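Below is the file start34.txt, which contains compact mmCIF, C-alpha atoms.
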# COMPACT_ATOMS: atom_id res chain seq x y z
CA MET K 15 104.66 129.31 12.93
CA SER K 16 102.33 126.37 12.46
CA SER K 17 102.89 123.50 10.03
CA GLU K 18 104.26 124.13 6.58
CA GLY K 19 100.95 123.15 4.99
CA SER K 20 100.62 121.86 1.44
CA VAL K 21 98.98 122.55 -1.89
CA HIS K 22 97.33 119.48 -3.38
CA LEU K 23 96.63 118.83 -7.06
CA LYS K 24 94.04 116.34 -8.27
CA VAL K 25 92.94 115.79 -11.87
CA ASP K 26 89.67 114.03 -12.61
CA GLY K 27 87.94 113.90 -15.97
CA GLY K 28 89.69 116.92 -17.42
CA ILE K 29 89.05 119.11 -14.36
CA ALA K 30 91.98 119.86 -12.08
CA SER K 31 91.48 120.81 -8.43
CA VAL K 32 94.16 122.73 -6.53
CA THR K 33 93.57 122.85 -2.78
CA PHE K 34 95.37 125.08 -0.28
CA ASP K 35 95.57 122.85 2.78
CA ARG K 36 96.55 124.55 6.02
CA PRO K 37 93.20 125.07 7.73
CA GLU K 38 94.67 125.56 11.20
CA ALA K 39 96.15 128.84 9.88
CA ARG K 40 93.25 129.72 7.53
CA ASN K 41 95.41 128.40 4.69
CA ALA K 42 97.97 131.19 5.07
CA MET K 43 100.70 130.50 2.54
CA THR K 44 104.17 129.33 3.58
CA TRP K 45 107.17 129.47 1.25
CA ALA K 46 106.77 125.71 0.70
CA MET K 47 103.15 126.18 -0.33
CA TYR K 48 104.09 128.86 -2.85
CA GLU K 49 106.71 126.52 -4.30
CA GLN K 50 104.11 123.76 -4.63
CA LEU K 51 101.64 126.15 -6.28
CA ARG K 52 104.26 127.15 -8.84
CA ALA K 53 105.11 123.51 -9.54
CA HIS K 54 101.44 122.64 -10.06
CA CYS K 55 100.97 125.59 -12.43
CA GLU K 56 104.03 124.54 -14.46
CA ARG K 57 102.65 121.00 -14.74
CA LEU K 58 99.15 122.15 -15.65
CA ARG K 59 100.46 124.55 -18.27
CA GLU K 60 101.75 121.55 -20.26
CA ASP K 61 98.82 119.20 -19.64
CA ARG K 62 96.46 119.53 -22.61
CA SER K 63 94.05 116.99 -21.13
CA VAL K 64 93.03 119.49 -18.44
CA ARG K 65 90.15 121.72 -19.55
CA VAL K 66 89.50 123.68 -16.34
CA VAL K 67 91.39 124.34 -13.10
CA ARG K 68 89.60 125.16 -9.85
CA PHE K 69 91.29 126.53 -6.74
CA GLN K 70 89.90 126.25 -3.21
CA GLY K 71 90.94 126.33 0.43
CA ALA K 72 90.58 123.47 2.89
CA GLY K 73 88.45 123.69 6.00
CA GLY K 74 85.62 125.97 4.89
CA GLU K 75 86.82 129.05 6.84
CA ALA K 76 89.14 130.58 4.27
CA PHE K 77 90.29 130.47 0.67
CA VAL K 78 93.75 131.80 1.57
CA ALA K 79 94.31 134.26 4.42
CA GLY K 80 97.46 135.81 2.95
CA THR K 81 101.08 134.86 3.49
CA ASP K 82 102.19 133.53 6.88
CA ILE K 83 103.38 136.69 8.63
CA ALA K 84 105.84 134.86 10.89
CA GLN K 85 107.99 134.34 7.78
CA PHE K 86 108.64 138.11 7.52
CA GLN K 87 110.55 138.44 10.79
CA ASP K 88 114.00 138.72 9.18
CA PHE K 89 112.93 140.86 6.22
CA ASN K 90 114.46 144.14 5.04
CA GLY K 91 113.98 146.29 1.95
CA GLU K 92 115.82 143.96 -0.42
CA ARG K 93 114.02 140.87 0.87
CA GLY K 94 110.77 142.73 0.33
CA VAL K 95 111.63 143.41 -3.31
CA GLN K 96 112.55 139.73 -3.80
CA TYR K 97 109.32 138.59 -2.17
CA GLU K 98 107.08 140.83 -4.27
CA THR K 99 108.96 139.77 -7.41
CA GLN K 100 108.37 136.10 -6.52
CA ILE K 101 104.67 136.74 -5.89
CA ASP K 102 104.39 138.47 -9.27
CA ALA K 103 106.14 135.54 -10.98
CA THR K 104 103.75 133.08 -9.33
CA MET K 105 100.72 135.10 -10.42
CA GLN K 106 102.11 135.26 -13.97
CA LEU K 107 102.35 131.47 -14.01
CA LEU K 108 98.76 131.18 -12.82
CA ALA K 109 97.52 133.80 -15.28
CA GLY K 110 99.38 132.02 -18.07
CA LEU K 111 97.48 128.75 -17.67
CA PRO K 112 95.84 128.21 -21.07
CA MET K 113 92.60 126.81 -19.68
CA PRO K 114 89.92 128.68 -17.69
CA THR K 115 90.48 128.94 -13.95
CA VAL K 116 87.93 129.23 -11.14
CA ALA K 117 88.43 130.35 -7.54
CA VAL K 118 85.94 128.75 -5.13
CA VAL K 119 85.95 131.09 -2.13
CA GLN K 120 84.62 130.28 1.32
CA GLY K 121 85.40 132.75 4.06
CA TRP K 122 88.56 134.85 4.14
CA CYS K 123 90.29 135.79 0.90
CA ILE K 124 93.06 138.08 2.05
CA GLY K 125 96.35 139.50 0.74
CA GLY K 126 98.09 136.79 -1.26
CA GLY K 127 94.81 134.92 -1.35
CA LEU K 128 93.15 137.91 -2.98
CA ALA K 129 95.97 138.00 -5.55
CA ILE K 130 95.41 134.31 -6.36
CA ALA K 131 91.63 134.68 -6.63
CA SER K 132 91.98 137.84 -8.73
CA THR K 133 94.32 136.08 -11.14
CA CYS K 134 91.71 133.38 -11.76
CA ASP K 135 89.24 133.92 -14.60
CA PHE K 136 86.13 133.42 -12.46
CA ARG K 137 85.23 133.52 -8.78
CA ILE K 138 82.25 132.11 -6.90
CA ALA K 139 81.82 132.68 -3.18
CA THR K 140 79.72 131.95 -0.13
CA PRO K 141 77.71 134.83 1.40
CA GLY K 142 80.08 135.22 4.35
CA SER K 143 83.21 135.54 2.22
CA LYS K 144 85.41 138.61 2.75
CA PHE K 145 87.91 140.06 0.30
CA GLY K 146 90.63 142.47 1.32
CA VAL K 147 94.24 143.60 1.79
CA PRO K 148 94.24 144.94 5.38
CA ILE K 149 97.99 145.60 5.44
CA ALA K 150 97.54 149.22 6.57
CA ARG K 151 96.03 147.80 9.75
CA THR K 152 97.96 144.57 10.26
CA LEU K 153 101.45 144.46 8.81
CA GLY K 154 102.50 147.77 7.30
CA ASN K 155 103.90 146.33 4.06
CA CYS K 156 102.85 147.06 0.48
CA LEU K 157 101.92 145.42 -2.83
CA SER K 158 103.78 145.36 -6.11
CA MET K 159 102.74 147.62 -8.96
CA ALA K 160 101.50 144.59 -10.93
CA ASN K 161 99.40 143.42 -8.00
CA ILE K 162 97.82 146.85 -7.55
CA ALA K 163 97.17 147.18 -11.29
CA GLY K 164 95.42 143.80 -11.25
CA LEU K 165 93.22 144.82 -8.34
CA VAL K 166 92.30 148.11 -10.01
CA ALA K 167 91.34 146.22 -13.17
CA MET K 168 89.09 143.94 -11.10
CA PHE K 169 87.59 146.31 -8.52
CA GLY K 170 88.14 149.83 -9.88
CA ARG K 171 90.29 152.48 -8.24
CA PRO K 172 87.78 153.71 -5.62
CA ARG K 173 87.36 150.25 -4.10
CA VAL K 174 91.10 149.58 -4.21
CA GLN K 175 91.67 152.83 -2.35
CA ARG K 176 89.28 151.52 0.31
CA LEU K 177 91.10 148.19 0.40
CA LEU K 178 94.59 149.68 0.67
CA LEU K 179 94.20 153.03 2.43
CA LEU K 180 91.27 152.28 4.74
CA ALA K 181 92.00 148.55 5.16
CA ASP K 182 88.31 147.92 4.40
CA MET K 183 86.94 144.51 3.49
CA VAL K 184 84.58 143.86 0.57
CA GLY K 185 81.79 141.40 1.22
CA ALA K 186 80.52 138.79 -1.21
CA GLU K 187 77.43 140.72 -2.29
CA GLU K 188 79.40 143.89 -3.04
CA ALA K 189 82.01 141.81 -4.87
CA GLN K 190 79.26 140.30 -7.01
CA ALA K 191 77.64 143.70 -7.63
CA CYS K 192 80.89 145.10 -9.07
CA GLY K 193 81.45 142.01 -11.21
CA TYR K 194 84.36 140.56 -9.28
CA VAL K 195 82.38 137.52 -8.11
CA LEU K 196 80.34 135.64 -10.68
CA GLU K 197 77.94 134.00 -8.24
CA VAL K 198 77.23 134.00 -4.50
CA VAL K 199 76.07 130.58 -3.28
CA ALA K 200 75.16 129.25 0.15
CA ALA K 201 77.88 127.15 1.74
CA GLU K 202 75.87 123.95 1.36
CA GLY K 203 75.54 124.58 -2.37
CA ILE K 204 79.00 125.91 -3.23
CA GLU K 205 80.43 122.54 -4.29
CA ALA K 206 77.54 121.82 -6.66
CA ALA K 207 77.83 125.33 -8.11
CA ALA K 208 81.58 124.88 -8.62
CA GLN K 209 81.06 121.56 -10.39
CA LYS K 210 78.36 123.05 -12.62
CA LEU K 211 80.53 126.02 -13.61
CA CYS K 212 83.57 123.84 -14.29
CA ALA K 213 81.49 121.39 -16.35
CA LYS K 214 80.13 124.24 -18.47
CA LEU K 215 83.62 125.66 -19.05
CA ALA K 216 84.92 122.20 -19.95
CA SER K 217 82.18 121.76 -22.55
CA LEU K 218 83.14 124.80 -24.63
CA ALA K 219 85.69 125.25 -27.42
CA PRO K 220 89.15 125.11 -25.79
CA VAL K 221 91.06 126.90 -28.57
CA THR K 222 88.61 129.79 -28.47
CA GLN K 223 88.96 129.94 -24.69
CA GLN K 224 92.76 129.85 -24.89
CA VAL K 225 92.99 132.55 -27.53
CA SER K 226 90.41 134.76 -25.84
CA LYS K 227 92.15 134.42 -22.48
CA GLU K 228 95.54 135.28 -23.97
CA ALA K 229 94.05 138.30 -25.76
CA LEU K 230 92.58 139.55 -22.48
CA ASN K 231 95.90 139.00 -20.71
CA ARG K 232 97.75 140.97 -23.38
CA LEU K 233 95.52 143.96 -22.75
CA LEU K 234 96.94 144.13 -19.23
CA ARG K 235 100.59 143.73 -20.27
CA HIS K 236 101.30 147.37 -20.97
CA ASP K 237 104.36 148.82 -19.30
CA LEU K 238 103.86 149.46 -15.59
CA PRO K 239 105.70 152.20 -13.69
CA GLU K 240 108.74 151.12 -11.69
CA ALA K 241 108.00 150.60 -8.00
CA GLU K 242 111.03 148.86 -6.44
CA ASP K 243 111.87 152.02 -4.51
CA LEU K 244 108.42 152.01 -2.92
CA ILE K 245 108.67 148.34 -1.99
CA ARG K 246 112.20 148.75 -0.62
CA ARG K 247 111.13 151.76 1.46
CA THR K 248 108.13 149.92 2.93
CA TYR K 249 109.81 146.61 3.79
CA GLY K 250 112.82 148.47 5.16
CA SER K 251 110.75 150.71 7.45
CA GLU K 252 110.49 150.63 11.23
CA ASP K 253 106.73 150.42 10.84
CA PHE K 254 106.97 147.16 8.90
CA ARG K 255 109.22 145.61 11.54
CA GLU K 256 106.76 146.81 14.20
CA GLY K 257 103.83 145.33 12.27
CA VAL K 258 105.44 141.90 12.06
CA THR K 259 106.55 141.97 15.70
CA ALA K 260 103.13 143.07 16.88
CA PHE K 261 101.32 140.46 14.83
CA VAL K 262 103.49 137.63 16.13
CA ALA K 263 103.07 138.95 19.70
CA LYS K 264 99.29 139.26 19.15
CA ARG K 265 99.15 142.94 20.12
CA PRO K 266 98.12 146.09 18.19
CA PRO K 267 100.97 147.74 16.27
CA ALA K 268 102.21 151.18 17.29
CA TRP K 269 102.83 152.99 13.99
CA LYS K 270 105.50 155.72 13.97
CA GLY K 271 105.56 156.70 10.30
CA ARG K 272 109.19 155.83 9.74
Spell out the structure here as structure tokens.
Amino acid sequence: MSSEGSVHLKVDGGIASVTFDRPEARNAMTWAMYEQLRAHCERLREDRSVRVVRFQGAGGEAFVAGTDIAQFQDFNGERGVQYETQIDATMQLLAGLPMPTVAVVQGWCIGGGLAIASTCDFRIATPGSKFGVPIARTLGNCLSMANIAGLVAMFGRPRVQRLLLLADMVGAEEAQACGYVLEVVAAEGIEAAAQKLCAKLASLAPVTQQVSKEALNRLLRHDLPEAEDLIRRTYGSEDFREGVTAFVAKRPPAWKGR
């Protein structure tokens, strides 16, 4: 596994910038990076001087290319349940930020990165950006019920079936056409577009934004079906162990269906 990476927070003029900084691994998230993201969200939740939060990846090749797969080598069913529960808790913290949030996507936005971007209120992206959860091809794990419900709310069930069952990727133009991405901007203009969007959001009535955002969040907080058995079965499977081993060894996995 490469370096632990870091998640930086900078606040300037009421606009906070959170940067996922591990470009040598396409900003794949380590446990330390998730901890830093949670700490930043907890701080921002209490900082009433911040009017907008933007999230971006370092290096220009990726927003976040999922979770570092090397960390899954000692997993079993119970560890899988704990991991998905922690991811859900992190996304709840992010979703609970009272101010508007913007994901600035360049390149790969995969797995955990897709969860982060989907939890933000708005997304802008470069034309070459790709969105997906290719776990049926790469790792053989699964998502939590909350994560899947969030993706269905954003993309609709047919596209989520493509993402999960076919391991397809959605390009920036398709993501914009279905409303997931607000704007597609050339790489050389993405920073200016992000600043413009954040400035507009920061200029509007914050209480109205906070109340509207909370109302929208409450619409999604209906009871979800239990899914721990599905997560435990997947992370405890031979196929999952084969997916991790194959990924680390840089070879195609040999799925056995058990």
How big is the axis-aligned box around all listed atoms of region 244-249 of chain K once 8 Å goes on each side, and where's its centre, in Å to one decimal, as JSON?
{"center_x": 110.2, "center_y": 149.3, "center_z": 0.4, "size_x": 20.1, "size_y": 21.4, "size_z": 22.7}
Out of K:Ile162, K:Ala268, K:Ala30, K:Val258, which residue has the shortest atom-to-atom distance to Phe86 (chain K) when counting only C-alpha atoms?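 Comparing K:Ile162, K:Ala268, K:Ala30, K:Val258 against Phe86 (chain K), the winner is K:Val258.
The spacing separating CA of His54 (chain K) from CA of Leu108 (chain K) amounts to 9.4 Å.
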Can you tell me which residues surround Val78 (chain K) at a distance of at most 8 Å, considering all atoms listed in the file, apart from same-chain residues fewer than 5 positions away, and format the answer as a list in words?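 The residues that qualify are Phe34, Arg40, Asn41, Ala42, Met43, Gly71, Trp122, Cys123, Ile124, Gly126, Gly127 and Leu128 of chain K.
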With only C-alpha atoms as the counted atoms, please give the residues lying no more than 12 Å from Arg36 (chain K), apart from itself and same-chain residues fewer than 2 positions off, as a ChimeraX atom specification. /K:15-22,33-34,38-44,46-47,70-82
Now that the selection is made, can you save its residues with C-alpha atoms as a PDB file, in the frame of the given file?
ATOM      1  CA  MET K  15     104.660 129.310  12.930  1.00  0.00           C
ATOM      2  CA  SER K  16     102.330 126.370  12.460  1.00  0.00           C
ATOM      3  CA  SER K  17     102.890 123.500  10.030  1.00  0.00           C
ATOM      4  CA  GLU K  18     104.260 124.130   6.580  1.00  0.00           C
ATOM      5  CA  GLY K  19     100.950 123.150   4.990  1.00  0.00           C
ATOM      6  CA  SER K  20     100.620 121.860   1.440  1.00  0.00           C
ATOM      7  CA  VAL K  21      98.980 122.550  -1.890  1.00  0.00           C
ATOM      8  CA  HIS K  22      97.330 119.480  -3.380  1.00  0.00           C
ATOM      9  CA  THR K  33      93.570 122.850  -2.780  1.00  0.00           C
ATOM     10  CA  PHE K  34      95.370 125.080  -0.280  1.00  0.00           C
ATOM     11  CA  GLU K  38      94.670 125.560  11.200  1.00  0.00           C
ATOM     12  CA  ALA K  39      96.150 128.840   9.880  1.00  0.00           C
ATOM     13  CA  ARG K  40      93.250 129.720   7.530  1.00  0.00           C
ATOM     14  CA  ASN K  41      95.410 128.400   4.690  1.00  0.00           C
ATOM     15  CA  ALA K  42      97.970 131.190   5.070  1.00  0.00           C
ATOM     16  CA  MET K  43     100.700 130.500   2.540  1.00  0.00           C
ATOM     17  CA  THR K  44     104.170 129.330   3.580  1.00  0.00           C
ATOM     18  CA  ALA K  46     106.770 125.710   0.700  1.00  0.00           C
ATOM     19  CA  MET K  47     103.150 126.180  -0.330  1.00  0.00           C
ATOM     20  CA  GLN K  70      89.900 126.250  -3.210  1.00  0.00           C
ATOM     21  CA  GLY K  71      90.940 126.330   0.430  1.00  0.00           C
ATOM     22  CA  ALA K  72      90.580 123.470   2.890  1.00  0.00           C
ATOM     23  CA  GLY K  73      88.450 123.690   6.000  1.00  0.00           C
ATOM     24  CA  GLY K  74      85.620 125.970   4.890  1.00  0.00           C
ATOM     25  CA  GLU K  75      86.820 129.050   6.840  1.00  0.00           C
ATOM     26  CA  ALA K  76      89.140 130.580   4.270  1.00  0.00           C
ATOM     27  CA  PHE K  77      90.290 130.470   0.670  1.00  0.00           C
ATOM     28  CA  VAL K  78      93.750 131.800   1.570  1.00  0.00           C
ATOM     29  CA  ALA K  79      94.310 134.260   4.420  1.00  0.00           C
ATOM     30  CA  GLY K  80      97.460 135.810   2.950  1.00  0.00           C
ATOM     31  CA  THR K  81     101.080 134.860   3.490  1.00  0.00           C
ATOM     32  CA  ASP K  82     102.190 133.530   6.880  1.00  0.00           C
TER      33      ASP K  82
END
Take the structure in the block and write a file for region 221-248 of chain K, N, CA, C and O atoms, as a PDB file, in the first residue's frame.
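selection-v5.pdb, freshly written:
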ATOM      1  N   VAL K 221     -30.136  30.628   6.078  1.00  0.00           N
ATOM      2  CA  VAL K 221     -31.163  29.906   6.845  1.00  0.00           C
ATOM      3  C   VAL K 221     -32.085  29.152   5.891  1.00  0.00           C
ATOM      4  O   VAL K 221     -32.448  27.995   6.125  1.00  0.00           O
ATOM      5  N   THR K 222     -32.469  29.805   4.804  1.00  0.00           N
ATOM      6  CA  THR K 222     -33.299  29.130   3.801  1.00  0.00           C
ATOM      7  C   THR K 222     -32.578  27.911   3.247  1.00  0.00           C
ATOM      8  O   THR K 222     -33.178  26.835   3.082  1.00  0.00           O
ATOM      9  N   GLN K 223     -31.296  28.045   2.960  1.00  0.00           N
ATOM     10  CA  GLN K 223     -30.526  26.912   2.449  1.00  0.00           C
ATOM     11  C   GLN K 223     -30.471  25.777   3.476  1.00  0.00           C
ATOM     12  O   GLN K 223     -30.661  24.608   3.129  1.00  0.00           O
ATOM     13  N   GLN K 224     -30.219  26.128   4.737  1.00  0.00           N
ATOM     14  CA  GLN K 224     -30.121  25.116   5.784  1.00  0.00           C
ATOM     15  C   GLN K 224     -31.432  24.361   5.958  1.00  0.00           C
ATOM     16  O   GLN K 224     -31.450  23.124   6.025  1.00  0.00           O
ATOM     17  N   VAL K 225     -32.527  25.114   6.018  1.00  0.00           N
ATOM     18  CA  VAL K 225     -33.831  24.493   6.237  1.00  0.00           C
ATOM     19  C   VAL K 225     -34.234  23.653   5.027  1.00  0.00           C
ATOM     20  O   VAL K 225     -34.750  22.534   5.173  1.00  0.00           O
ATOM     21  N   SER K 226     -33.993  24.175   3.842  1.00  0.00           N
ATOM     22  CA  SER K 226     -34.340  23.435   2.628  1.00  0.00           C
ATOM     23  C   SER K 226     -33.529  22.150   2.523  1.00  0.00           C
ATOM     24  O   SER K 226     -34.047  21.086   2.155  1.00  0.00           O
ATOM     25  N   LYS K 227     -32.250  22.244   2.847  1.00  0.00           N
ATOM     26  CA  LYS K 227     -31.390  21.061   2.785  1.00  0.00           C
ATOM     27  C   LYS K 227     -31.838  20.007   3.791  1.00  0.00           C
ATOM     28  O   LYS K 227     -31.912  18.815   3.457  1.00  0.00           O
ATOM     29  N   GLU K 228     -32.164  20.437   5.009  1.00  0.00           N
ATOM     30  CA  GLU K 228     -32.628  19.485   6.019  1.00  0.00           C
ATOM     31  C   GLU K 228     -33.952  18.853   5.612  1.00  0.00           C
ATOM     32  O   GLU K 228     -34.169  17.650   5.816  1.00  0.00           O
ATOM     33  N   ALA K 229     -34.846  19.645   5.011  1.00  0.00           N
ATOM     34  CA  ALA K 229     -36.125  19.093   4.552  1.00  0.00           C
ATOM     35  C   ALA K 229     -35.899  18.023   3.487  1.00  0.00           C
ATOM     36  O   ALA K 229     -36.523  16.944   3.516  1.00  0.00           O
ATOM     37  N   LEU K 230     -34.989  18.299   2.538  1.00  0.00           N
ATOM     38  CA  LEU K 230     -34.680  17.313   1.511  1.00  0.00           C
ATOM     39  C   LEU K 230     -34.051  16.055   2.112  1.00  0.00           C
ATOM     40  O   LEU K 230     -34.365  14.924   1.698  1.00  0.00           O
ATOM     41  N   ASN K 231     -33.180  16.235   3.099  1.00  0.00           N
ATOM     42  CA  ASN K 231     -32.569  15.074   3.755  1.00  0.00           C
ATOM     43  C   ASN K 231     -33.609  14.224   4.474  1.00  0.00           C
ATOM     44  O   ASN K 231     -33.543  12.988   4.465  1.00  0.00           O
ATOM     45  N   ARG K 232     -34.594  14.885   5.103  1.00  0.00           N
ATOM     46  CA  ARG K 232     -35.614  14.132   5.830  1.00  0.00           C
ATOM     47  C   ARG K 232     -36.455  13.269   4.904  1.00  0.00           C
ATOM     48  O   ARG K 232     -36.949  12.204   5.316  1.00  0.00           O
ATOM     49  N   LEU K 233     -36.611  13.701   3.663  1.00  0.00           N
ATOM     50  CA  LEU K 233     -37.379  12.898   2.709  1.00  0.00           C
ATOM     51  C   LEU K 233     -36.715  11.556   2.445  1.00  0.00           C
ATOM     52  O   LEU K 233     -37.383  10.585   2.079  1.00  0.00           O
ATOM     53  N   LEU K 234     -35.401  11.497   2.621  1.00  0.00           N
ATOM     54  CA  LEU K 234     -34.673  10.254   2.368  1.00  0.00           C
ATOM     55  C   LEU K 234     -34.506   9.395   3.621  1.00  0.00           C
ATOM     56  O   LEU K 234     -33.959   8.295   3.545  1.00  0.00           O
ATOM     57  N   ARG K 235     -34.966   9.893   4.765  1.00  0.00           N
ATOM     58  CA  ARG K 235     -34.727   9.183   6.028  1.00  0.00           C
ATOM     59  C   ARG K 235     -35.855   8.250   6.414  1.00  0.00           C
ATOM     60  O   ARG K 235     -36.147   8.059   7.590  1.00  0.00           O
ATOM     61  N   HIS K 236     -36.532   7.682   5.433  1.00  0.00           N
ATOM     62  CA  HIS K 236     -37.529   6.667   5.770  1.00  0.00           C
ATOM     63  C   HIS K 236     -36.797   5.377   6.104  1.00  0.00           C
ATOM     64  O   HIS K 236     -35.621   5.196   5.782  1.00  0.00           O
ATOM     65  N   ASP K 237     -37.489   4.473   6.755  1.00  0.00           N
ATOM     66  CA  ASP K 237     -36.839   3.241   7.194  1.00  0.00           C
ATOM     67  C   ASP K 237     -36.370   2.424   5.988  1.00  0.00           C
ATOM     68  O   ASP K 237     -37.119   2.174   5.039  1.00  0.00           O
ATOM     69  N   LEU K 238     -35.113   1.992   6.043  1.00  0.00           N
ATOM     70  CA  LEU K 238     -34.546   1.160   4.995  1.00  0.00           C
ATOM     71  C   LEU K 238     -34.571  -0.303   5.434  1.00  0.00           C
ATOM     72  O   LEU K 238     -34.455  -0.605   6.628  1.00  0.00           O
ATOM     73  N   PRO K 239     -34.721  -1.227   4.506  1.00  0.00           N
ATOM     74  CA  PRO K 239     -34.678  -2.646   4.868  1.00  0.00           C
ATOM     75  C   PRO K 239     -33.324  -3.011   5.477  1.00  0.00           C
ATOM     76  O   PRO K 239     -32.304  -2.416   5.156  1.00  0.00           O
ATOM     77  N   GLU K 240     -33.321  -4.001   6.332  1.00  0.00           N
ATOM     78  CA  GLU K 240     -32.092  -4.492   6.939  1.00  0.00           C
ATOM     79  C   GLU K 240     -31.252  -5.214   5.885  1.00  0.00           C
ATOM     80  O   GLU K 240     -31.787  -5.931   5.035  1.00  0.00           O
ATOM     81  N   ALA K 241     -29.938  -5.023   5.935  1.00  0.00           N
ATOM     82  CA  ALA K 241     -29.088  -5.644   4.919  1.00  0.00           C
ATOM     83  C   ALA K 241     -27.781  -6.195   5.488  1.00  0.00           C
ATOM     84  O   ALA K 241     -26.888  -6.560   4.720  1.00  0.00           O
ATOM     85  N   GLU K 242     -27.656  -6.302   6.819  1.00  0.00           N
ATOM     86  CA  GLU K 242     -26.403  -6.810   7.379  1.00  0.00           C
ATOM     87  C   GLU K 242     -26.108  -8.225   6.917  1.00  0.00           C
ATOM     88  O   GLU K 242     -24.943  -8.591   6.730  1.00  0.00           O
ATOM     89  N   ASP K 243     -27.152  -9.030   6.715  1.00  0.00           N
ATOM     90  CA  ASP K 243     -26.916 -10.398   6.266  1.00  0.00           C
ATOM     91  C   ASP K 243     -26.303 -10.429   4.874  1.00  0.00           C
ATOM     92  O   ASP K 243     -25.436 -11.270   4.581  1.00  0.00           O
ATOM     93  N   LEU K 244     -26.717  -9.492   4.022  1.00  0.00           N
ATOM     94  CA  LEU K 244     -26.166  -9.429   2.669  1.00  0.00           C
ATOM     95  C   LEU K 244     -24.707  -8.983   2.696  1.00  0.00           C
ATOM     96  O   LEU K 244     -23.859  -9.531   1.965  1.00  0.00           O
ATOM     97  N   ILE K 245     -24.411  -7.997   3.549  1.00  0.00           N
ATOM     98  CA  ILE K 245     -23.039  -7.512   3.661  1.00  0.00           C
ATOM     99  C   ILE K 245     -22.138  -8.596   4.243  1.00  0.00           C
ATOM    100  O   ILE K 245     -21.032  -8.857   3.751  1.00  0.00           O
ATOM    101  N   ARG K 246     -22.624  -9.265   5.298  1.00  0.00           N
ATOM    102  CA  ARG K 246     -21.834 -10.319   5.938  1.00  0.00           C
ATOM    103  C   ARG K 246     -21.550 -11.459   4.959  1.00  0.00           C
ATOM    104  O   ARG K 246     -20.436 -11.995   4.897  1.00  0.00           O
ATOM    105  N   ARG K 247     -22.563 -11.821   4.178  1.00  0.00           N
ATOM    106  CA  ARG K 247     -22.382 -12.895   3.193  1.00  0.00           C
ATOM    107  C   ARG K 247     -21.341 -12.507   2.149  1.00  0.00           C
ATOM    108  O   ARG K 247     -20.481 -13.323   1.781  1.00  0.00           O
ATOM    109  N   THR K 248     -21.382 -11.263   1.679  1.00  0.00           N
ATOM    110  CA  THR K 248     -20.468 -10.839   0.613  1.00  0.00           C
ATOM    111  C   THR K 248     -19.037 -10.749   1.107  1.00  0.00           C
ATOM    112  O   THR K 248     -18.111 -11.310   0.495  1.00  0.00           O
TER     113      THR K 248
END
